[in-house]
Amino acid sequence: MAVEESGPGAQNSPYQLRRKSLVPRRTAAASATGASTSSTEAFGHRAKRARMSIKSHDLPAAPAEQYLQQKLPDEVVLKIFSYLLEQDLCQAACVCKRFSQLANDPILWLRLYMEVFEYTRPMMHPEPGRFYQVSPEEHEHPNPWKESFQQLYKGAHVKPGFAEHFYSNPGRYKGRENMLYYDTIEDALGGVQEAHFDGLIFVHSGIYTDEWIYIESPITMIGAAPGKVADKVVIENTRDSTFVFMEGSEDAYVGYMTIRFNPDDKSAQHHNAHHCLEITVNCSPNIDHCIIRSTCTVGSAVCVSGQGACPTIKHCNISDCENVGLYITDHAQGIYEDNEISNNALAGIWVKNHGNPIIRRNHIHHGRDVGVFTFDHGMGYFESCNIHRNRIAGFEVKAYANPTVVRCEIHHGQTGGIYVHEKGRGQFIENKIYANNFAGVWITSNSDPTIRGNAIFNGNQGGVYIFGDGRGLIESNDIYGNALAGIQIRTNSCPIVRHNKIHDGQHGGIYVHEKGQGVIEENEVYSNTLAGVWVTTGSTPVLRRNRIHSGKQVGVYFYDNGHGVLEDNDIYNHMYSGVQIRTGSNPKIRRNKIWGGQNGGILVYNSGLRLTLSLYFYLYIL
């Protein structure tokens with residue numbers, strides 16, 4: 001019979017840590033006398049404990065009521081928690097305030113997070129089709145690792161070699177039933193089709209070669225790796241298109257990976273239908289933060305074709321490809337934003353056959369051909385792109401193409417800036433076109449673009465060059481500082497040039513020659529090194545209501561059979577005469593104000609206009 005300990009040593013008894021009952025203990029004598037009835041009591045109900053009228057919280061605290069966990073240091077509790085998985089941690093956080101604080105420790109969740117997802121920065125997924133990494137120190141959430149874990153939790157993981165280990169150790173990974181593991185991307189896509197999970201696929205570090213990735217459902221596939229994710233997750237094909245998006249893949253998402261097409265025979269003709277990304281009719285996937293490379297010389301890296309093909313491609317790098325970078329054709333559309341497109345063997349972007357994309361804030365540079373090429377009725381809206389240092393023109397328009405180009409910078413082209421030819425059209429509005437080796441804008445062969453509100457400056461040749469039956473509306477531009485004429489019109493070209501400022505050129509302002517024509521009205525032409533306007537060799541422009549002033553030589557210069565109409569202009573303050581006419585030239589000059597010329601108002605010499613033609617003159621000359 002155990003006897004209750006008493007005295008000073010009772011406080012050190014191990015039993016002292018147990019909670020004491022509020023009901024008084026039975027005495028040893030009572031236990032002895034009641035032993036004979038214990039067998040009968042076993043078959044009946046135990047006697048109820050006596051109710052106490054006093055409430056437990058009114059009792060003085062006994063030493064046994066102190067929890068042992070309160071005496072444990074935080075480091076010990078955190079060490080214990082470090083062996084728990086995510087669901088166990090969440091349950092532990094519900095125990096008490098202290099456990100809640102410790103179970104939400106960012107270091108614990110960082111370890112778990114990197115074990116599952118490998119990311120070294122939290123990958124946030126606030127809504128479908130949107131992923132972005134954040135800096136833990138700057139994120140508004142106190143524990144971004146846990147927040148990201150919750151957002152990414154239900155998904156399948158492609159992690160070669162890990163699936164067998166995962167399913168062979170169910171006890172080790174108890175609580176992760178919502179995670180699935182596969183060895184190949186094809187197997188994971190099969191799991192989506194069989195509805196094993198909702199379609200979120202994480203592709204972990206590695207090189208995945210020659211898998212057949214045909215996407216015809218709204219899956220989400222994202223790379224998962226430490227550091228720069230897209231560099232560590234590589235998906236390539238050597239025989240067929242690496243990714244093919246088909247009808248049914250509306251709102252599919254592929255992001256944070258390298259996508260390569262790397263055929264053994266890089267010039268085999270059948271590869272012209274093979275690409276890194278092939279996006280077909282009636283699908284609109286999202287491609288985000290991908291690196292896209294193709295070594296094939298006969299097909300583009302990205303091909304978007306067909307009615308209803310309307311992808312969103314953002315933050316991708318399409319570079320170092322041996323053919324075209326991005327090809328949009330056959331009524332395809334799409335949104336293409338914030339991409340890096342460089343060093344491609346042919347054009348960075350092709351738009352053809354009624355393709356009509358929206359292309360914003362792309363960086364298109366150092367191409368081995370043209371930067372952007374629109375042709376054969378290609379269209380598109382190009383906004384705020386930076387296009388520079390391409391081997392041919394920064395932007396080429398041909399064969400009834402009609403793009404709209406707004407607020408782009410087109411500069412340092414190894415030939416020209418914008419080249420419109422063979423009946424090309426287009427709207428070029430509020431762009432900066434500068435420092436190109438040839439003319440900032442070329443217009444030729446019956447092309448008819450609108451060039452409006454641009455700054456065209458510091459070209460190594462002319463500003464705008466219109467030749468070979470070129471047309472076009474050149475309106476409200478600021479053209480200055482070019483090595484040759486601000487605007488040059490020749491060989492039967494007939495543009496409309498109005499409301500421009502043409503100034504501070506190293507050559508003349510406007511140069512019309514070799515039977516050039518055109519209507520040149522309401523421009524301001526000033527401070528050019530040579531003549532403000534030159535008209536020569538059979539040219540017949542109409543110059544009307546212009547302000548031509550402050551030139552360093554002649555205001556308007558007709559020579560070598562230069563003709564045309566000069567009317568209602570203000571021509572003043574030139575270093576030489578306001579108007580010079582010579583060598584067979586015969587313009588019609590009327591209702592002009594010509595004043596302030598240091599060498600006279602009108603100078604006619606060397607078989608220039610005869611005095612008998614003075615009937616055409618209605619001049620105001622000071």
# chains A, B, ... in the order shown; residues from 1 in each chain; ligands from 1

$ residues_around --residues "A:Thr242" --least-positions-apart "2" --cutoff "6 Å" --atoms "only C-alpha atoms" --output "count of residues only"
3

$ residues_around --residues "A:Ser384" --least-positions-apart "2" --cutoff "12 Å" --atoms "only C-alpha atoms" --output "ChimeraX atom specification"
/A:336-339,358-364,381-382,386-387,404-410,428-432

$ select_by_dssp --residues "stretch 43-235 of chain A" --states "helix (DSSP H, G or I)" --output "PyMOL selection string"
chain A and resi 56-58+63-65+68-71+74-81+86-92+97-103+106-117+144-152+162-168+185-193+229-232

$ closest_residue --among "A:Leu152, A:Pro285, A:Lys159, A:Ser342" --to "A:Ser217" --atoms "only C-alpha atoms"
A:Pro285

$ atom_distance --atom1 "atom CA of A:Trp595" --atom2 "atom CA of A:Gly562"
22.2 Å

$ select_by_dssp --residues "stretch 230-467 of chain A" --states "strand (DSSP E or B)" --output "mmCIF file with N, CA and C atoms, in the first residue's frame"
data_model
loop_
_atom_site.group_PDB
_atom_site.id
_atom_site.type_symbol
_atom_site.label_atom_id
_atom_site.label_comp_id
_atom_site.auth_asym_id
_atom_site.auth_seq_id
_atom_site.Cartn_x
_atom_site.Cartn_y
_atom_site.Cartn_z
ATOM 1 N N VAL A 233 15.840 25.060 -65.528
ATOM 2 C CA VAL A 233 14.813 24.148 -66.041
ATOM 3 C C VAL A 233 14.805 24.273 -67.559
ATOM 4 N N VAL A 234 15.282 23.242 -68.247
ATOM 5 C CA VAL A 234 15.466 23.298 -69.698
ATOM 6 C C VAL A 234 14.627 22.198 -70.338
ATOM 7 N N ILE A 235 13.766 22.599 -71.265
ATOM 8 C CA ILE A 235 12.946 21.647 -72.014
ATOM 9 C C ILE A 235 13.296 21.816 -73.483
ATOM 10 N N GLU A 236 13.757 20.746 -74.104
ATOM 11 C CA GLU A 236 14.187 20.852 -75.498
ATOM 12 C C GLU A 236 13.685 19.672 -76.304
ATOM 13 N N ASN A 237 13.616 19.897 -77.602
ATOM 14 C CA ASN A 237 13.244 18.837 -78.525
ATOM 15 C C ASN A 237 14.192 18.875 -79.705
ATOM 16 N N PHE A 243 6.929 22.821 -77.637
ATOM 17 C CA PHE A 243 5.586 22.986 -77.077
ATOM 18 C C PHE A 243 4.625 23.242 -78.223
ATOM 19 N N VAL A 244 3.494 22.550 -78.213
ATOM 20 C CA VAL A 244 2.429 22.813 -79.176
ATOM 21 C C VAL A 244 1.152 23.095 -78.387
ATOM 22 N N PHE A 245 0.595 24.278 -78.587
ATOM 23 C CA PHE A 245 -0.664 24.649 -77.945
ATOM 24 C C PHE A 245 -1.778 24.497 -78.972
ATOM 25 N N TYR A 253 -0.904 28.225 -68.953
ATOM 26 C CA TYR A 253 0.231 29.054 -68.526
ATOM 27 C C TYR A 253 1.498 28.215 -68.561
ATOM 28 N N VAL A 254 2.559 28.771 -69.170
ATOM 29 C CA VAL A 254 3.892 28.165 -69.139
ATOM 30 C C VAL A 254 4.868 29.268 -68.764
ATOM 31 N N GLY A 255 5.668 29.039 -67.722
ATOM 32 C CA GLY A 255 6.557 30.105 -67.289
ATOM 33 C C GLY A 255 7.805 29.622 -66.595
ATOM 34 N N THR A 258 13.544 27.416 -69.713
ATOM 35 C CA THR A 258 14.176 27.557 -71.023
ATOM 36 C C THR A 258 13.532 26.560 -71.975
ATOM 37 N N ILE A 259 13.121 27.053 -73.143
ATOM 38 C CA ILE A 259 12.467 26.214 -74.148
ATOM 39 C C ILE A 259 13.332 26.248 -75.397
ATOM 40 N N ARG A 260 13.837 25.073 -75.809
ATOM 41 C CA ARG A 260 14.770 25.017 -76.934
ATOM 42 C C ARG A 260 14.269 24.056 -78.007
ATOM 43 N N PHE A 261 14.530 24.447 -79.263
ATOM 44 C CA PHE A 261 14.414 23.505 -80.376
ATOM 45 C C PHE A 261 15.798 23.364 -80.967
ATOM 46 N N LEU A 277 7.989 27.187 -79.685
ATOM 47 C CA LEU A 277 6.587 27.342 -79.300
ATOM 48 C C LEU A 277 5.745 27.419 -80.558
ATOM 49 N N GLU A 278 4.753 26.564 -80.650
ATOM 50 C CA GLU A 278 3.823 26.588 -81.771
ATOM 51 C C GLU A 278 2.423 26.800 -81.204
ATOM 52 N N ILE A 279 1.819 27.931 -81.567
ATOM 53 C CA ILE A 279 0.515 28.309 -81.025
ATOM 54 C C ILE A 279 -0.462 28.359 -82.186
ATOM 55 N N CYS A 283 -6.590 29.357 -79.524
ATOM 56 C CA CYS A 283 -6.020 29.139 -78.195
ATOM 57 C C CYS A 283 -5.285 30.399 -77.755
ATOM 58 N N ASN A 286 -0.699 31.734 -71.903
ATOM 59 C CA ASN A 286 0.190 32.746 -71.339
ATOM 60 C C ASN A 286 1.593 32.162 -71.256
ATOM 61 N N ILE A 287 2.555 32.846 -71.859
ATOM 62 C CA ILE A 287 3.960 32.440 -71.806
ATOM 63 C C ILE A 287 4.700 33.543 -71.063
ATOM 64 N N ASP A 288 5.383 33.186 -69.979
ATOM 65 C CA ASP A 288 5.887 34.206 -69.064
ATOM 66 C C ASP A 288 7.287 33.838 -68.573
ATOM 67 N N ILE A 291 13.003 31.615 -71.476
ATOM 68 C CA ILE A 291 14.131 31.820 -72.383
ATOM 69 C C ILE A 291 13.898 30.905 -73.576
ATOM 70 N N ILE A 292 13.867 31.480 -74.777
ATOM 71 C CA ILE A 292 13.480 30.732 -75.972
ATOM 72 C C ILE A 292 14.635 30.766 -76.959
ATOM 73 N N ARG A 293 15.101 29.583 -77.358
ATOM 74 C CA ARG A 293 16.254 29.456 -78.246
ATOM 75 C C ARG A 293 15.962 28.409 -79.318
ATOM 76 N N SER A 294 16.356 28.714 -80.555
ATOM 77 C CA SER A 294 16.236 27.745 -81.643
ATOM 78 C C SER A 294 17.496 27.775 -82.491
ATOM 79 N N VAL A 302 9.347 31.095 -82.403
ATOM 80 C CA VAL A 302 7.958 31.125 -81.940
ATOM 81 C C VAL A 302 7.076 31.367 -83.152
ATOM 82 N N CYS A 303 6.074 30.524 -83.336
ATOM 83 C CA CYS A 303 5.145 30.679 -84.460
ATOM 84 C C CYS A 303 3.726 30.751 -83.917
ATOM 85 N N VAL A 304 3.041 31.860 -84.215
ATOM 86 C CA VAL A 304 1.649 32.062 -83.810
ATOM 87 C C VAL A 304 0.844 32.196 -85.091
ATOM 88 N N SER A 305 -0.045 31.247 -85.364
ATOM 89 C CA SER A 305 -0.718 31.261 -86.665
ATOM 90 C C SER A 305 -2.161 30.809 -86.531
ATOM 91 N N ALA A 309 -5.774 32.478 -82.737
ATOM 92 C CA ALA A 309 -4.516 32.319 -81.999
ATOM 93 C C ALA A 309 -4.187 33.657 -81.352
ATOM 94 N N THR A 312 -0.614 35.479 -74.852
ATOM 95 C CA THR A 312 0.026 36.573 -74.132
ATOM 96 C C THR A 312 1.441 36.127 -73.811
ATOM 97 N N ILE A 313 2.431 36.801 -74.374
ATOM 98 C CA ILE A 313 3.838 36.448 -74.160
ATOM 99 C C ILE A 313 4.505 37.645 -73.501
ATOM 100 N N LYS A 314 4.974 37.447 -72.253
ATOM 101 C CA LYS A 314 5.540 38.547 -71.474
ATOM 102 C C LYS A 314 6.857 38.133 -70.831
ATOM 103 N N ASN A 317 12.721 36.014 -73.229
ATOM 104 C CA ASN A 317 13.955 36.330 -73.946
ATOM 105 C C ASN A 317 14.013 35.437 -75.177
ATOM 106 N N ILE A 318 13.833 36.045 -76.354
ATOM 107 C CA ILE A 318 13.852 35.308 -77.622
ATOM 108 C C ILE A 318 15.087 35.781 -78.375
ATOM 109 N N SER A 319 16.180 35.085 -78.200
ATOM 110 C CA SER A 319 17.464 35.587 -78.696
ATOM 111 C C SER A 319 18.318 34.452 -79.233
ATOM 112 N N LEU A 326 10.166 35.812 -83.566
ATOM 113 C CA LEU A 326 8.725 35.714 -83.322
ATOM 114 C C LEU A 326 7.994 35.925 -84.641
ATOM 115 N N TYR A 327 7.156 34.951 -85.036
ATOM 116 C CA TYR A 327 6.472 34.964 -86.330
ATOM 117 C C TYR A 327 4.969 34.903 -86.072
ATOM 118 N N ILE A 328 4.231 35.936 -86.547
ATOM 119 C CA ILE A 328 2.790 36.051 -86.322
ATOM 120 C C ILE A 328 2.123 36.148 -87.687
ATOM 121 N N THR A 329 1.230 35.214 -88.004
ATOM 122 C CA THR A 329 0.716 35.145 -89.371
ATOM 123 C C THR A 329 -0.709 34.587 -89.396
ATOM 124 N N ILE A 335 -0.922 39.429 -77.395
ATOM 125 C CA ILE A 335 -0.294 40.528 -76.661
ATOM 126 C C ILE A 335 1.124 40.102 -76.317
ATOM 127 N N TYR A 336 2.093 40.946 -76.679
ATOM 128 C CA TYR A 336 3.514 40.626 -76.505
ATOM 129 C C TYR A 336 4.156 41.816 -75.799
ATOM 130 N N GLU A 337 4.507 41.647 -74.534
ATOM 131 C CA GLU A 337 4.959 42.786 -73.733
ATOM 132 C C GLU A 337 6.247 42.467 -72.985
ATOM 133 N N GLU A 340 12.594 40.551 -74.482
ATOM 134 C CA GLU A 340 13.931 40.845 -74.999
ATOM 135 C C GLU A 340 14.116 40.006 -76.257
ATOM 136 N N ILE A 341 14.312 40.667 -77.410
ATOM 137 C CA ILE A 341 14.424 39.968 -78.692
ATOM 138 C C ILE A 341 15.695 40.467 -79.361
ATOM 139 N N SER A 342 16.709 39.600 -79.472
ATOM 140 C CA SER A 342 18.007 40.097 -79.931
ATOM 141 C C SER A 342 18.804 39.007 -80.628
ATOM 142 N N ILE A 349 11.064 40.138 -85.282
ATOM 143 C CA ILE A 349 9.620 39.879 -85.356
ATOM 144 C C ILE A 349 9.189 39.941 -86.815
ATOM 145 N N TRP A 350 8.439 38.928 -87.257
ATOM 146 C CA TRP A 350 7.752 38.945 -88.554
ATOM 147 C C TRP A 350 6.250 39.017 -88.298
ATOM 148 N N VAL A 351 5.564 39.912 -89.025
ATOM 149 C CA VAL A 351 4.102 39.950 -88.996
ATOM 150 C C VAL A 351 3.618 39.903 -90.441
ATOM 151 N N LYS A 352 2.772 38.912 -90.747
ATOM 152 C CA LYS A 352 2.427 38.632 -92.136
ATOM 153 C C LYS A 352 0.958 38.210 -92.238
ATOM 154 N N ILE A 358 -0.561 43.009 -80.672
ATOM 155 C CA ILE A 358 -0.262 44.186 -79.852
ATOM 156 C C ILE A 358 1.101 43.942 -79.220
ATOM 157 N N ILE A 359 2.060 44.810 -79.535
ATOM 158 C CA ILE A 359 3.446 44.604 -79.100
ATOM 159 C C ILE A 359 3.892 45.850 -78.347
ATOM 160 N N ARG A 360 4.122 45.686 -77.035
ATOM 161 C CA ARG A 360 4.449 46.835 -76.187
ATOM 162 C C ARG A 360 5.754 46.597 -75.429
ATOM 163 N N HIS A 363 12.216 45.052 -76.253
ATOM 164 C CA HIS A 363 13.571 45.514 -76.537
ATOM 165 C C HIS A 363 14.092 44.657 -77.685
ATOM 166 N N ILE A 364 14.187 45.253 -78.870
ATOM 167 C CA ILE A 364 14.498 44.513 -80.095
ATOM 168 C C ILE A 364 15.808 45.073 -80.630
ATOM 169 N N HIS A 365 16.880 44.314 -80.548
ATOM 170 C CA HIS A 365 18.180 44.923 -80.808
ATOM 171 C C HIS A 365 19.204 43.902 -81.289
ATOM 172 N N VAL A 372 12.036 44.623 -86.953
ATOM 173 C CA VAL A 372 10.642 44.203 -87.128
ATOM 174 C C VAL A 372 10.323 44.267 -88.611
ATOM 175 N N PHE A 373 9.718 43.194 -89.151
ATOM 176 C CA PHE A 373 9.391 43.127 -90.574
ATOM 177 C C PHE A 373 7.909 42.807 -90.698
ATOM 178 N N THR A 374 7.118 43.759 -91.230
ATOM 179 C CA THR A 374 5.705 43.524 -91.512
ATOM 180 C C THR A 374 5.521 43.531 -93.022
ATOM 181 N N PHE A 375 4.837 42.520 -93.555
ATOM 182 C CA PHE A 375 4.695 42.407 -95.006
ATOM 183 C C PHE A 375 3.462 41.570 -95.332
ATOM 184 N N TYR A 381 -0.050 46.663 -83.667
ATOM 185 C CA TYR A 381 0.097 47.898 -82.898
ATOM 186 C C TYR A 381 1.365 47.763 -82.069
ATOM 187 N N PHE A 382 2.340 48.630 -82.331
ATOM 188 C CA PHE A 382 3.644 48.595 -81.673
ATOM 189 C C PHE A 382 3.779 49.857 -80.829
ATOM 190 N N GLU A 383 3.982 49.680 -79.539
ATOM 191 C CA GLU A 383 4.021 50.834 -78.645
ATOM 192 C C GLU A 383 5.209 50.733 -77.689
ATOM 193 N N ASN A 386 11.845 49.602 -77.854
ATOM 194 C CA ASN A 386 13.195 50.131 -78.060
ATOM 195 C C ASN A 386 13.861 49.260 -79.117
ATOM 196 N N ILE A 387 14.046 49.817 -80.323
ATOM 197 C CA ILE A 387 14.528 49.056 -81.478
ATOM 198 C C ILE A 387 15.836 49.688 -81.924
ATOM 199 N N HIS A 388 16.932 48.952 -81.821
ATOM 200 C CA HIS A 388 18.213 49.591 -82.128
ATOM 201 C C HIS A 388 19.273 48.564 -82.517
ATOM 202 N N PHE A 395 12.782 48.980 -88.565
ATOM 203 C CA PHE A 395 11.398 48.597 -88.838
ATOM 204 C C PHE A 395 11.183 48.622 -90.345
ATOM 205 N N GLU A 396 10.755 47.503 -90.914
ATOM 206 C CA GLU A 396 10.537 47.407 -92.364
ATOM 207 C C GLU A 396 9.076 47.077 -92.639
ATOM 208 N N VAL A 397 8.493 47.805 -93.623
ATOM 209 C CA VAL A 397 7.089 47.635 -93.999
ATOM 210 C C VAL A 397 7.030 47.425 -95.507
ATOM 211 N N LYS A 398 6.332 46.366 -95.930
ATOM 212 C CA LYS A 398 6.365 45.995 -97.345
ATOM 213 C C LYS A 398 5.032 45.362 -97.741
ATOM 214 N N THR A 404 0.758 50.079 -86.996
ATOM 215 C CA THR A 404 0.724 51.338 -86.254
ATOM 216 C C THR A 404 1.849 51.305 -85.233
ATOM 217 N N VAL A 405 2.744 52.286 -85.313
ATOM 218 C CA VAL A 405 3.942 52.312 -84.467
ATOM 219 C C VAL A 405 3.917 53.617 -83.681
ATOM 220 N N VAL A 406 3.821 53.505 -82.362
ATOM 221 C CA VAL A 406 3.574 54.671 -81.507
ATOM 222 C C VAL A 406 4.602 54.719 -80.373
ATOM 223 N N GLU A 409 11.305 53.986 -79.809
ATOM 224 C CA GLU A 409 12.618 54.539 -80.129
ATOM 225 C C GLU A 409 13.274 53.616 -81.148
ATOM 226 N N ILE A 410 13.646 54.209 -82.298
ATOM 227 C CA ILE A 410 14.251 53.446 -83.392
ATOM 228 C C ILE A 410 15.566 54.135 -83.709
ATOM 229 N N HIS A 411 16.662 53.513 -83.353
ATOM 230 C CA HIS A 411 17.919 54.257 -83.378
ATOM 231 C C HIS A 411 19.115 53.334 -83.596
ATOM 232 N N ILE A 418 13.429 53.426 -90.387
ATOM 233 C CA ILE A 418 12.170 52.854 -90.876
ATOM 234 C C ILE A 418 12.249 52.778 -92.392
ATOM 235 N N TYR A 419 11.915 51.612 -92.962
ATOM 236 C CA TYR A 419 12.002 51.400 -94.409
ATOM 237 C C TYR A 419 10.639 50.913 -94.884
ATOM 238 N N VAL A 420 9.941 51.763 -95.686
ATOM 239 C CA VAL A 420 8.612 51.438 -96.200
ATOM 240 C C VAL A 420 8.722 51.344 -97.714
ATOM 241 N N HIS A 421 8.404 50.178 -98.277
ATOM 242 C CA HIS A 421 8.606 49.999 -99.719
ATOM 243 C C HIS A 421 7.589 49.018 -100.286
ATOM 244 N N GLN A 427 1.221 53.667 -89.908
ATOM 245 C CA GLN A 427 1.117 54.902 -89.148
ATOM 246 C C GLN A 427 2.291 54.927 -88.165
ATOM 247 N N PHE A 428 3.137 55.928 -88.278
ATOM 248 C CA PHE A 428 4.294 56.077 -87.388
ATOM 249 C C PHE A 428 4.110 57.386 -86.627
ATOM 250 N N ILE A 429 3.800 57.289 -85.348
ATOM 251 C CA ILE A 429 3.310 58.434 -84.586
ATOM 252 C C ILE A 429 4.115 58.586 -83.292
ATOM 253 N N LYS A 432 10.727 58.373 -81.588
ATOM 254 C CA LYS A 432 12.045 58.992 -81.652
ATOM 255 C C LYS A 432 12.898 58.157 -82.594
ATOM 256 N N ILE A 433 13.358 58.804 -83.670
ATOM 257 C CA ILE A 433 14.116 58.109 -84.711
ATOM 258 C C ILE A 433 15.433 58.857 -84.853
ATOM 259 N N TYR A 434 16.525 58.221 -84.468
ATOM 260 C CA TYR A 434 17.763 58.991 -84.397
ATOM 261 C C TYR A 434 18.988 58.100 -84.547
ATOM 262 N N VAL A 441 13.947 57.712 -92.036
ATOM 263 C CA VAL A 441 12.771 57.105 -92.663
ATOM 264 C C VAL A 441 13.011 57.041 -94.161
ATOM 265 N N TRP A 442 12.835 55.841 -94.753
ATOM 266 C CA TRP A 442 12.892 55.653 -96.205
ATOM 267 C C TRP A 442 11.495 55.293 -96.691
ATOM 268 N N ILE A 443 11.058 55.963 -97.779
ATOM 269 C CA ILE A 443 9.758 55.657 -98.383
ATOM 270 C C ILE A 443 9.963 55.540 -99.883
ATOM 271 N N THR A 444 9.561 54.411 -100.470
ATOM 272 C CA THR A 444 9.814 54.198 -101.893
ATOM 273 C C THR A 444 8.766 53.275 -102.508
ATOM 274 N N THR A 450 1.978 57.184 -93.102
ATOM 275 C CA THR A 450 1.791 58.435 -92.374
ATOM 276 C C THR A 450 2.896 58.545 -91.332
ATOM 277 N N ILE A 451 3.665 59.628 -91.415
ATOM 278 C CA ILE A 451 4.757 59.889 -90.472
ATOM 279 C C ILE A 451 4.366 61.152 -89.712
ATOM 280 N N ARG A 452 3.908 60.999 -88.458
ATOM 281 C CA ARG A 452 3.307 62.147 -87.766
ATOM 282 C C ARG A 452 3.844 62.273 -86.331
ATOM 283 N N ALA A 455 10.110 62.715 -83.644
ATOM 284 C CA ALA A 455 11.384 63.433 -83.590
ATOM 285 C C ALA A 455 12.390 62.620 -84.387
ATOM 286 N N ILE A 456 12.907 63.221 -85.469
ATOM 287 C CA ILE A 456 13.826 62.524 -86.376
ATOM 288 C C ILE A 456 15.105 63.343 -86.394
ATOM 289 N N PHE A 457 16.144 62.834 -85.770
ATOM 290 C CA PHE A 457 17.289 63.709 -85.532
ATOM 291 C C PHE A 457 18.601 62.934 -85.494
ATOM 292 N N VAL A 464 14.235 62.236 -93.575
ATOM 293 C CA VAL A 464 13.217 61.470 -94.305
ATOM 294 C C VAL A 464 13.610 61.465 -95.770
ATOM 295 N N TYR A 465 13.656 60.276 -96.377
ATOM 296 C CA TYR A 465 14.113 60.112 -97.761
ATOM 297 C C TYR A 465 12.997 59.431 -98.537
ATOM 298 N N ILE A 466 12.422 60.169 -99.522
ATOM 299 C CA ILE A 466 11.292 59.671 -100.302
ATOM 300 C C ILE A 466 11.744 59.593 -101.752
ATOM 301 N N PHE A 467 11.726 58.411 -102.339
ATOM 302 C CA PHE A 467 12.261 58.245 -103.692
ATOM 303 C C PHE A 467 11.527 57.112 -104.397
#

$ closest_atom_pairs --of "stretch 205-229 of chain A" --to "stretch 184-193 of chain A" --cutoff "10 Å" --atoms "only C-alpha atoms" --output "JSON lines"
{"residue": "A:Tyr208", "atom": "CA", "partner": "A:Thr184", "partner_atom": "CA", "distance": 7.9}
{"residue": "A:Thr209", "atom": "CA", "partner": "A:Thr184", "partner_atom": "CA", "distance": 9.9}
{"residue": "A:Glu211", "atom": "CA", "partner": "A:Glu186", "partner_atom": "CA", "distance": 6.6}
{"residue": "A:Trp212", "atom": "CA", "partner": "A:Glu186", "partner_atom": "CA", "distance": 6.7}
{"residue": "A:Ile213", "atom": "CA", "partner": "A:Glu186", "partner_atom": "CA", "distance": 6.6}
{"residue": "A:Tyr214", "atom": "CA", "partner": "A:Leu189", "partner_atom": "CA", "distance": 8.8}
{"residue": "A:Ile215", "atom": "CA", "partner": "A:Leu189", "partner_atom": "CA", "distance": 8.1}
{"residue": "A:Glu216", "atom": "CA", "partner": "A:Gln193", "partner_atom": "CA", "distance": 9.5}
{"residue": "A:Ser217", "atom": "CA", "partner": "A:Gln193", "partner_atom": "CA", "distance": 8.2}
{"residue": "A:Pro218", "atom": "CA", "partner": "A:Val192", "partner_atom": "CA", "distance": 9.7}
{"residue": "A:Ile219", "atom": "CA", "partner": "A:Val192", "partner_atom": "CA", "distance": 7.7}
{"residue": "A:Met221", "atom": "CA", "partner": "A:Ile185", "partner_atom": "CA", "distance": 9.4}

$ closest_atom_pairs --of "stretch 104-162 of chain A" --to "stretch 84-92 of chain A" --cutoff "9 Å" --atoms "only C-alpha atoms" --output "CSV"
residue,atom,partner,partner_atom,distance
A:Asn104,CA,A:Leu89,CA,7.9
A:Trp109,CA,A:Glu86,CA,7.9
A:Leu112,CA,A:Glu86,CA,7.2
A:Lys146,CA,A:Glu86,CA,8.9
A:Phe149,CA,A:Glu86,CA,8.9

$ closest_residue --among "A:Asp105, A:Asp198, A:Glu138, A:Glu177" --to "A:Leu78" --atoms "only C-alpha atoms"
A:Asp105

$ atom_distance --atom1 "atom CA of A:Gly509" --atom2 "atom CA of A:Asn528"
6.0 Å

$ closest_residue --among "A:Ile520, A:Leu530, A:Ile487, A:Cys290" --to "A:Val542" --atoms "only C-alpha atoms"
A:Ile520
